[in-house]
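File shown here: work_5.cif, holding mmCIF, C-alpha atoms (C1' of nucleotides).
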```
data_my_file
loop_
_atom_site.label_atom_id
_atom_site.label_comp_id
_atom_site.auth_asym_id
_atom_site.auth_seq_id
_atom_site.Cartn_x
_atom_site.Cartn_y
_atom_site.Cartn_z
CA MET A 30 -70.83 47.89 32.31
CA GLU A 31 -74.48 48.43 32.57
CA ASP A 32 -74.81 47.80 28.87
CA ASP A 33 -75.05 44.08 29.32
CA ALA A 34 -77.93 44.18 31.74
CA ASP A 35 -79.42 46.66 29.36
CA ALA A 36 -79.15 44.42 26.35
CA ARG A 37 -80.44 41.50 28.35
CA GLU A 38 -83.52 43.39 29.44
CA LEU A 39 -84.27 44.24 25.84
CA THR A 40 -83.74 40.71 24.58
CA ALA A 41 -85.74 39.11 27.34
CA THR A 42 -88.70 41.42 26.97
CA LEU A 43 -88.77 41.00 23.23
CA ARG A 44 -88.57 37.24 23.36
CA ALA A 45 -91.23 37.05 26.03
CA GLY A 46 -93.60 38.75 23.63
CA GLY A 47 -92.60 36.55 20.73
CA HIS A 48 -90.56 39.26 19.05
CA ARG A 49 -87.09 39.25 17.59
CA LEU A 50 -83.97 41.06 18.53
CA THR A 51 -82.86 43.00 15.49
CA GLY A 52 -80.32 45.65 14.60
CA PRO A 53 -82.80 48.51 14.33
CA ARG A 54 -84.37 47.62 17.67
CA ARG A 55 -80.99 47.55 19.32
CA ALA A 56 -80.17 50.92 17.79
CA VAL A 57 -83.40 52.54 18.93
CA TRP A 58 -82.99 51.09 22.39
CA ALA A 59 -79.49 52.52 22.56
CA ALA A 60 -80.70 55.86 21.25
CA LEU A 61 -83.14 56.11 24.13
CA ALA A 62 -80.33 55.66 26.64
CA VAL A 63 -79.45 59.31 26.76
CA ASP A 64 -77.20 60.60 29.50
CA GLY A 65 -79.01 63.89 29.83
CA ASP A 66 -82.73 64.38 30.07
CA GLY A 67 -83.63 61.57 27.79
CA HIS A 68 -86.63 63.12 26.13
CA LEU A 69 -86.20 62.70 22.45
CA THR A 70 -88.42 63.58 19.55
CA VAL A 71 -88.76 60.91 16.91
CA ASP A 72 -86.42 62.98 14.75
CA GLU A 73 -83.76 62.75 17.40
CA VAL A 74 -84.27 59.06 17.91
CA VAL A 75 -83.92 58.55 14.17
CA ALA A 76 -80.70 60.55 14.07
CA ARG A 77 -79.16 58.69 16.99
CA SER A 78 -80.26 55.33 15.67
CA GLN A 79 -78.68 56.07 12.32
CA ASP A 80 -75.44 56.92 14.06
CA ALA A 81 -75.33 53.41 15.42
CA ARG A 82 -76.76 51.78 12.34
CA PRO A 83 -76.87 53.78 9.13
CA GLY A 84 -79.93 53.06 7.06
CA VAL A 85 -82.55 52.66 9.76
CA ASP A 86 -85.68 54.15 8.42
CA ARG A 87 -87.97 56.64 10.08
CA ALA A 88 -90.94 54.32 9.59
CA THR A 89 -89.07 51.56 11.34
CA VAL A 90 -88.33 53.83 14.25
CA TYR A 91 -92.02 54.61 14.59
CA ARG A 92 -92.82 50.90 14.51
CA VAL A 93 -90.14 50.06 17.02
CA LEU A 94 -91.23 52.79 19.38
CA ALA A 95 -94.83 51.62 19.21
CA LEU A 96 -93.68 48.11 20.01
CA PHE A 97 -91.53 49.31 22.89
CA GLU A 98 -94.48 51.16 24.31
CA GLU A 99 -96.65 48.07 24.06
CA LEU A 100 -93.99 46.05 25.84
CA GLY A 101 -93.60 48.66 28.52
CA LEU A 102 -90.05 49.50 27.50
CA ALA A 103 -90.61 53.07 26.40
CA ARG A 104 -93.02 55.85 27.16
CA PRO A 105 -94.28 58.66 24.94
CA SER A 106 -95.19 62.06 26.22
CA GLN A 107 -96.71 65.07 24.63
CA LEU A 108 -94.62 67.89 26.02
CA ASP A 109 -96.29 70.53 23.85
CA ALA A 110 -99.86 70.36 22.68
CA GLY A 111 -99.80 69.96 18.95
CA GLY A 112 -96.06 69.35 18.82
CA PRO A 113 -94.23 66.12 18.20
CA VAL A 114 -94.28 63.33 20.75
CA HIS A 115 -91.20 62.82 22.91
CA TRP A 116 -89.90 59.43 23.98
CA GLU A 117 -87.99 58.10 26.92
CA ARG A 118 -87.29 54.72 28.41
CA ALA A 119 -90.03 53.58 30.73
CA HIS A 120 -89.19 54.29 34.34
CA PRO A 121 -90.43 51.98 37.03
CA ASP A 122 -91.56 54.90 39.15
CA GLU A 123 -94.30 57.27 38.21
CA HIS A 124 -93.15 60.74 37.47
CA PHE A 125 -94.13 63.83 35.59
CA HIS A 126 -92.40 66.48 33.55
CA LEU A 127 -91.33 69.99 34.34
CA ARG A 128 -90.67 71.77 31.12
CA CYS A 129 -88.94 75.13 31.10
CA THR A 130 -90.41 77.36 28.44
CA ARG A 131 -87.29 79.50 28.43
CA CYS A 132 -84.41 77.06 28.00
CA GLY A 133 -86.45 74.08 26.89
CA SER A 134 -85.07 71.71 29.49
CA VAL A 135 -87.23 68.91 30.80
CA GLU A 136 -86.86 67.67 34.34
CA HIS A 137 -88.42 64.64 35.92
CA HIS A 138 -90.23 64.99 39.13
CA VAL A 139 -90.67 61.81 41.10
CA GLY A 140 -92.90 61.67 44.09
CA THR A 141 -96.08 60.44 45.62
CA LEU A 142 -98.16 63.01 43.82
CA VAL A 143 -99.26 60.81 40.97
CA ALA A 144 -100.24 58.03 43.34
CA THR A 145 -102.18 60.54 45.39
CA ILE A 146 -104.11 61.71 42.36
CA ARG A 147 -104.91 58.15 41.48
CA GLU A 148 -106.24 57.27 44.91
CA HIS A 149 -108.19 60.46 45.24
CA LEU A 150 -110.03 59.84 41.99
CA ASP A 151 -110.73 56.23 42.77
CA ASP A 152 -112.08 56.86 46.25
CA GLY A 153 -113.93 60.07 45.68
CA HIS A 154 -115.16 59.76 42.12
CA GLY A 155 -115.18 56.15 41.14
CA PHE A 156 -112.78 56.94 38.34
CA ARG A 157 -110.16 54.26 37.83
CA ALA A 158 -107.00 56.01 36.68
CA ASP A 159 -104.83 54.02 34.32
CA THR A 160 -102.31 56.56 33.11
CA VAL A 161 -101.64 60.01 34.47
CA GLU A 162 -100.16 62.54 32.06
CA LEU A 163 -98.88 65.57 33.88
CA THR A 164 -96.72 68.24 32.34
CA VAL A 165 -96.00 71.52 34.05
CA HIS A 166 -94.79 74.40 31.92
CA GLY A 167 -92.91 77.24 33.55
CA HIS A 168 -89.46 78.55 34.29
CA CYS A 169 -86.79 76.43 35.95
CA ALA A 170 -84.66 77.67 38.84
CA THR A 171 -81.68 78.38 36.61
CA CYS A 172 -83.65 80.49 34.20
CA ARG A 173 -85.22 82.44 37.02
CA ASP A 174 -81.73 83.22 38.26
CA ASP A 175 -80.58 84.15 34.79
CA GLU A 176 -83.45 86.54 34.44
CA ARG A 177 -82.54 88.29 37.65
CA GLY A 178 -78.89 88.34 36.61
CA THR A 179 -79.69 89.81 33.24
CA VAL A 180 -81.61 92.62 34.84
CA ARG A 181 -78.81 93.37 37.29
CA GLY A 182 -76.10 93.63 34.70
CA GLY A 183 -75.86 91.03 32.00
CA VAL A 184 -74.79 87.60 33.02
CA ARG A 185 -73.35 85.31 30.35
CA MET B 17 -129.88 85.65 28.45
CA GLU B 18 -126.35 84.81 28.99
CA ASP B 19 -125.63 85.41 25.35
CA ASP B 20 -125.30 89.14 25.76
CA ALA B 21 -122.72 88.97 28.50
CA ASP B 22 -121.06 86.39 26.36
CA ALA B 23 -120.88 88.56 23.30
CA ARG B 24 -119.74 91.48 25.38
CA GLU B 25 -116.88 89.50 26.86
CA LEU B 26 -115.73 88.55 23.42
CA THR B 27 -115.97 92.07 22.03
CA ALA B 28 -114.26 93.66 24.98
CA THR B 29 -111.38 91.23 25.03
CA LEU B 30 -110.82 91.54 21.31
CA ARG B 31 -110.89 95.33 21.36
CA ALA B 32 -108.58 95.48 24.34
CA GLY B 33 -106.00 93.66 22.27
CA GLY B 34 -106.55 95.83 19.21
CA HIS B 35 -108.47 93.13 17.37
CA ARG B 36 -111.73 93.26 15.50
CA LEU B 37 -115.04 91.57 16.05
CA THR B 38 -115.85 89.59 12.94
CA GLY B 39 -118.35 87.01 11.81
CA PRO B 40 -115.98 84.06 11.89
CA ARG B 41 -114.77 84.97 15.36
CA ARG B 42 -118.32 85.21 16.61
CA ALA B 43 -119.09 81.84 15.05
CA VAL B 44 -116.08 80.13 16.60
CA TRP B 45 -116.86 81.67 19.96
CA ALA B 46 -120.40 80.38 19.74
CA ALA B 47 -119.17 76.97 18.65
CA LEU B 48 -117.10 76.71 21.80
CA ALA B 49 -120.16 77.29 23.96
CA VAL B 50 -121.19 73.67 24.06
CA ASP B 51 -123.74 72.51 26.56
CA GLY B 52 -122.10 69.18 27.21
CA ASP B 53 -118.46 68.61 27.90
CA GLY B 54 -117.23 71.28 25.63
CA HIS B 55 -114.13 69.60 24.33
CA LEU B 56 -114.12 69.94 20.61
CA THR B 57 -111.62 68.90 18.03
CA VAL B 58 -110.87 71.48 15.40
CA ASP B 59 -113.02 69.47 13.03
CA GLU B 60 -115.97 69.85 15.33
CA VAL B 61 -115.35 73.54 15.82
CA VAL B 62 -115.25 73.97 12.06
CA ALA B 63 -118.51 72.08 11.62
CA ARG B 64 -120.31 74.08 14.30
CA SER B 65 -118.93 77.35 13.04
CA GLN B 66 -120.12 76.59 9.56
CA ASP B 67 -123.59 75.92 10.92
CA ALA B 68 -123.71 79.45 12.17
CA ARG B 69 -121.87 80.95 9.27
CA PRO B 70 -121.47 78.87 6.13
CA GLY B 71 -118.16 79.42 4.41
CA VAL B 72 -115.86 79.80 7.39
CA ASP B 73 -112.65 78.15 6.48
CA ARG B 74 -110.66 75.64 8.45
CA ALA B 75 -107.58 77.83 8.24
CA THR B 76 -109.52 80.71 9.73
CA VAL B 77 -110.70 78.53 12.57
CA TYR B 78 -107.11 77.64 13.36
CA ARG B 79 -106.14 81.30 13.31
CA VAL B 80 -109.07 82.31 15.46
CA LEU B 81 -108.38 79.58 18.00
CA ALA B 82 -104.75 80.63 18.23
CA LEU B 83 -105.85 84.20 18.81
CA PHE B 84 -108.37 83.16 21.44
CA GLU B 85 -105.68 81.23 23.22
CA GLU B 86 -103.37 84.22 23.18
CA LEU B 87 -106.14 86.38 24.59
CA GLY B 88 -106.95 83.85 27.26
CA LEU B 89 -110.39 83.12 25.84
CA ALA B 90 -109.83 79.52 24.89
CA ARG B 91 -107.64 76.67 25.98
CA PRO B 92 -106.24 73.79 23.98
CA SER B 93 -105.59 70.38 25.39
CA GLN B 94 -104.03 67.28 24.01
CA LEU B 95 -106.36 64.58 25.23
CA ASP B 96 -104.58 61.85 23.29
CA ALA B 97 -100.90 61.92 22.52
CA GLY B 98 -100.51 62.19 18.80
CA GLY B 99 -104.17 62.90 18.20
CA PRO B 100 -105.84 66.19 17.36
CA VAL B 101 -105.94 69.01 19.87
CA HIS B 102 -109.22 69.68 21.68
CA TRP B 103 -110.50 73.13 22.53
CA GLU B 104 -112.69 74.61 25.18
CA ARG B 105 -113.44 78.05 26.50
CA ALA B 106 -110.96 79.15 29.12
CA HIS B 107 -112.30 78.58 32.60
CA PRO B 108 -111.39 80.94 35.40
CA ASP B 109 -110.64 78.03 37.68
CA GLU B 110 -107.89 75.56 37.13
CA HIS B 111 -109.01 72.11 36.30
CA PHE B 112 -107.86 68.98 34.63
CA HIS B 113 -109.33 66.28 32.47
CA LEU B 114 -110.53 62.80 33.20
CA ARG B 115 -110.83 60.92 29.99
CA CYS B 116 -112.56 57.59 29.85
CA THR B 117 -110.81 55.28 27.45
CA ARG B 118 -113.91 53.12 27.16
CA CYS B 119 -116.70 55.56 26.34
CA GLY B 120 -114.53 58.50 25.37
CA SER B 121 -116.19 60.96 27.73
CA VAL B 122 -114.19 63.81 29.19
CA GLU B 123 -114.96 65.17 32.62
CA HIS B 124 -113.58 68.25 34.27
CA HIS B 125 -112.17 67.95 37.69
CA VAL B 126 -111.95 71.16 39.63
CA GLY B 127 -110.14 71.35 42.89
CA THR B 128 -107.17 72.61 44.80
CA LEU B 129 -104.89 70.00 43.36
CA VAL B 130 -103.43 72.13 40.61
CA ALA B 131 -102.74 74.97 43.02
CA THR B 132 -101.08 72.52 45.36
CA ILE B 133 -98.79 71.28 42.62
CA ARG B 134 -97.88 74.83 41.75
CA GLU B 135 -96.97 75.80 45.29
CA HIS B 136 -95.07 72.64 45.94
CA LEU B 137 -92.86 73.18 42.92
CA ASP B 138 -92.26 76.83 43.67
CA ASP B 139 -91.33 76.26 47.30
CA GLY B 140 -89.40 73.09 47.04
CA HIS B 141 -87.76 73.29 43.64
CA GLY B 142 -87.63 76.88 42.56
CA PHE B 143 -89.69 75.99 39.51
CA ARG B 144 -92.25 78.65 38.65
CA ALA B 145 -95.24 76.85 37.20
CA ASP B 146 -97.13 78.75 34.53
CA THR B 147 -99.49 76.18 33.10
CA VAL B 148 -100.32 72.76 34.43
CA GLU B 149 -101.47 70.17 31.90
CA LEU B 150 -102.97 67.17 33.59
CA THR B 151 -104.92 64.46 31.83
CA VAL B 152 -105.87 61.24 33.50
CA HIS B 153 -106.84 58.30 31.32
CA GLY B 154 -108.91 55.54 32.81
CA HIS B 155 -112.44 54.24 33.21
CA CYS B 156 -115.25 56.40 34.48
CA ALA B 157 -117.71 55.24 37.13
CA THR B 158 -120.42 54.48 34.59
CA CYS B 159 -118.18 52.31 32.49
CA ARG B 160 -116.96 50.43 35.51
CA ASP B 161 -120.56 49.69 36.36
CA ASP B 162 -121.29 48.64 32.82
CA GLU B 163 -118.40 46.27 32.87
CA ARG B 164 -119.67 44.62 36.01
CA GLY B 165 -123.14 44.52 34.49
CA THR B 166 -121.89 42.96 31.31
CA VAL B 167 -120.17 40.23 33.22
CA ARG B 168 -123.23 39.56 35.35
CA GLY B 169 -125.55 39.12 32.44
CA GLY B 170 -125.44 41.65 29.67
CA VAL B 171 -126.73 45.10 30.45
CA ARG B 172 -127.96 47.20 27.53
"C1'" DC C 3 -87.17 27.49 5.83
"C1'" DT C 4 -90.66 30.74 7.48
"C1'" DA C 5 -92.73 34.22 9.70
"C1'" DG C 6 -91.47 38.46 11.82
"C1'" DT C 7 -89.09 42.75 10.29
"C1'" DT C 8 -87.37 46.24 7.49
"C1'" DG C 9 -86.69 49.91 3.84
"C1'" DC C 10 -88.80 52.46 0.50
"C1'" DA C 11 -92.43 55.06 -1.23
"C1'" DA C 12 -96.77 56.68 -1.11
"C1'" DA C 13 -100.91 57.86 1.61
"C1'" DT C 14 -103.18 60.14 5.70
"C1'" DG C 15 -104.19 63.52 8.87
"C1'" DT C 16 -103.22 67.87 11.15
"C1'" DT C 17 -101.70 72.46 11.26
"C1'" DT C 18 -99.38 76.45 8.94
"C1'" DT C 19 -98.52 79.84 5.42
"C1'" DG C 20 -98.79 83.05 1.16
"C1'" DC C 21 -101.62 86.06 -1.08
"C1'" DA C 22 -105.27 88.69 -3.20
"C1'" DG C 23 -109.78 90.17 -2.17
"C1'" DT C 24 -113.01 91.69 1.74
"C1'" DC C 25 -114.83 93.92 5.60
"C1'" DT C 26 -114.41 96.26 10.23
"C1'" DC C 27 -113.56 100.38 12.43
"C1'" DG D 28 -109.69 104.55 3.37
"C1'" DA D 29 -106.23 101.70 5.87
"C1'" DG D 30 -105.09 97.84 7.76
"C1'" DA D 31 -106.84 93.81 10.02
"C1'" DC D 32 -109.17 89.48 8.50
"C1'" DT D 33 -110.74 85.92 5.55
"C1'" DG D 34 -111.04 82.26 1.98
"C1'" DC D 35 -108.64 79.50 -1.06
"C1'" DA D 36 -104.87 76.77 -2.40
"C1'" DA D 37 -100.59 74.96 -1.53
"C1'" DA D 38 -96.98 73.80 1.76
"C1'" DA D 39 -95.05 71.90 5.87
"C1'" DC D 40 -95.06 68.49 9.47
"C1'" DA D 41 -96.04 64.21 11.93
"C1'" DT D 42 -97.37 59.64 11.53
"C1'" DT D 43 -99.18 55.43 9.21
"C1'" DT D 44 -99.56 51.89 5.77
"C1'" DG D 45 -98.73 48.63 1.65
"C1'" DC D 46 -95.56 45.71 -0.15
"C1'" DA D 47 -91.57 43.22 -1.81
"C1'" DA D 48 -87.07 42.02 -0.12
"C1'" DC D 49 -84.46 40.51 3.94
"C1'" DT D 50 -83.08 37.96 8.10
"C1'" DA D 51 -83.34 36.15 12.89
"C1'" DG D 52 -84.46 32.00 14.99
#
```

Written as structure tokens, how would this file's structure read?
Amino acid sequence: MEDDADARELTATLRAGGHRLTGPRRAVWAALAVDGDGHLTVDEVVARSQDARPGVDRATVYRVLALFEELGLARPSQLDAGGPVHWERAHPDEHFHLRCTRCGSVEHHVGTLVATIREHLDDGHGFRADTVELTVHGHCATCRDDERGTVRGGVR
Amino acid sequence: MEDDADARELTATLRAGGHRLTGPRRAVWAALAVDGDGHLTVDEVVARSQDARPGVDRATVYRVLALFEELGLARPSQLDAGGPVHWERAHPDEHFHLRCTRCGSVEHHVGTLVATIREHLDDGHGFRADTVELTVHGHCATCRDDERGTVRGGVR
DNA sequence: CTAGTTGCAAATGTTTTGCAGTCTC
DNA sequence: GAGACTGCAAAACATTTGCAACTAG
């Protein structure tokens, strides 16, 4: 069971910062452990948290998420300008998002690219990069196939 | 006078899309022609537009900006997650933003990087990139100097 | 017990929408 | 003159905050 290590990480990080382990925090932490993509809007986090613990309030979820961000447990990202923020557990490796504007899926892309950007800016421009927010909007491989299929004769 | 070419571009693009040239649209277009960085929040666009044409409404500014985006005349960017969207005139070349979290300045960074990302994703992952949103948060060269100065003995 | 947390409700801030009057073409 | 646009007011979202009650340590 990975759940134990999971719970331990949460507890330890909270305690280290002088915070408490509470029901709502456990619920939000669990909500963020999504099998699929793992990019949830606050609405989704609220819904999942309430599954585990009916009564958790939206305001609490916002507060918990802000705390998790501060503690480095979770990461927000603005997948659409103007739209709601999406949340995921903080990954140790730097990555960016590939969002398909057709099916809405969000993939992670891990690689050296972010590090490269960082170094380039530091060396060449004296800019010290702290956080790199990179989101690429486009069509994923599957949707490109679907489009071709649809034209040829109606897949699906 | 660059203003003429400017006005002509606006008129032509609007007409091509079956849209009309109106006072508010002219005002918003002018507002976006900032000498400095050129990254304005909607609030700022409203203020500048009202300078040129008292009475323009916030709602109209939102509608005009959305239209400009659709026509490829303007580009929104979310410089801070959760915060208001910033607008600038659409540039022909792809660029991204370097935002200093100390002084708040926003620089443009033009280069081949965005094109590189695009190609890499297309070739290696079958992902067709349409728009690339890249914002780097950190400290600009000036602020890094200031910090050193402050430590040494209080610049400013 | 005591301070950190929470739920509830109300406030804030941003963006969107409905509609009747206005202005461009 | 017809339909695209605008201003005004109200609505729809997203997020934050104040506060009294609750609870983890």

Report the distance between CA of Arg173 in chain A and CA of Leu83 in chain B in Å, rounded to one decimal place. 27.6 Å

Which residues would end up in the selection if the PyMOL selection byres ((chain B) within 9 of (chain A)) were applied here, given that I need the answer as a PyMOL selection string? chain B and resi 92-94+96-101+114+116+129+133-134+141-158+160

Select all residues near (-104.4, 61.3, 9.2) (cut-off 10 Å, inclusive, file coordinates), counting only C-alpha atoms (C1' of nucleotides), and output them as a PyMOL selection string. (chain B and resi 99-100) or (chain C and resi 13-16) or (chain D and resi 41-43)

Residues of chain B no more than 8 Å from chain C, counting all atoms listed in the file: send them over as a ChimeraX atom specification. /B:36-38,78,100

For a quick test of understanding: name the residues of chain B lying within 9 Å of chain D when counting all atoms listed in the file, and present them as a list of chain:residue names.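 Interface list for chain B against chain D: B:His35, B:Arg36, B:Thr38, B:Pro40, B:Gly71, B:Val72, B:Asp73, B:Ala75, B:Thr76, B:Gly98.
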
How many Å separate CA of Pro108 in chain B from CA of Asp139 in chain B?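 Separating CA of Pro108 in chain B from CA of Asp139 in chain B is a distance of 23.8 Å.
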
Within 12 Å of file point (-89.1, 42.6, 25.0), counting only C-alpha atoms (C1' of nucleotides), expressed as number ranges by chain: A: 35-51, 54-55, 58, 93-94, 96-103

Separation of CA of Asp59 in chain B from CA of Gly120 in chain B, in Å and rounded to one decimal: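 Rounded to one decimal, the two atoms are 16.6 Å apart.
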
Residues in the PyMOL selection byres ((chain A and resi 77) around 9), expressed as a VMD selection string: chain A and resid 56 to 57 59 to 61 72 to 76 78 to 82

Selected residues, C-alpha atoms, written as a PDB file, keeping the file's coordinate frame, please.
```pdb
ATOM      1  CA  ALA A  56     -80.170  50.920  17.790  1.00  0.00           C
ATOM      2  CA  VAL A  57     -83.400  52.540  18.930  1.00  0.00           C
ATOM      3  CA  ALA A  59     -79.490  52.520  22.560  1.00  0.00           C
ATOM      4  CA  ALA A  60     -80.700  55.860  21.250  1.00  0.00           C
ATOM      5  CA  LEU A  61     -83.140  56.110  24.130  1.00  0.00           C
ATOM      6  CA  ASP A  72     -86.420  62.980  14.750  1.00  0.00           C
ATOM      7  CA  GLU A  73     -83.760  62.750  17.400  1.00  0.00           C
ATOM      8  CA  VAL A  74     -84.270  59.060  17.910  1.00  0.00           C
ATOM      9  CA  VAL A  75     -83.920  58.550  14.170  1.00  0.00           C
ATOM     10  CA  ALA A  76     -80.700  60.550  14.070  1.00  0.00           C
ATOM     11  CA  SER A  78     -80.260  55.330  15.670  1.00  0.00           C
ATOM     12  CA  GLN A  79     -78.680  56.070  12.320  1.00  0.00           C
ATOM     13  CA  ASP A  80     -75.440  56.920  14.060  1.00  0.00           C
ATOM     14  CA  ALA A  81     -75.330  53.410  15.420  1.00  0.00           C
ATOM     15  CA  ARG A  82     -76.760  51.780  12.340  1.00  0.00           C
TER      16      ARG A  82
END
```

Might you spell out which residues the PyMOL selection byres ((chain A and resi 118) around 8) would select in the displayed file, as number ranges by chain? A: 61-62, 67, 102-104, 116-117, 119-120
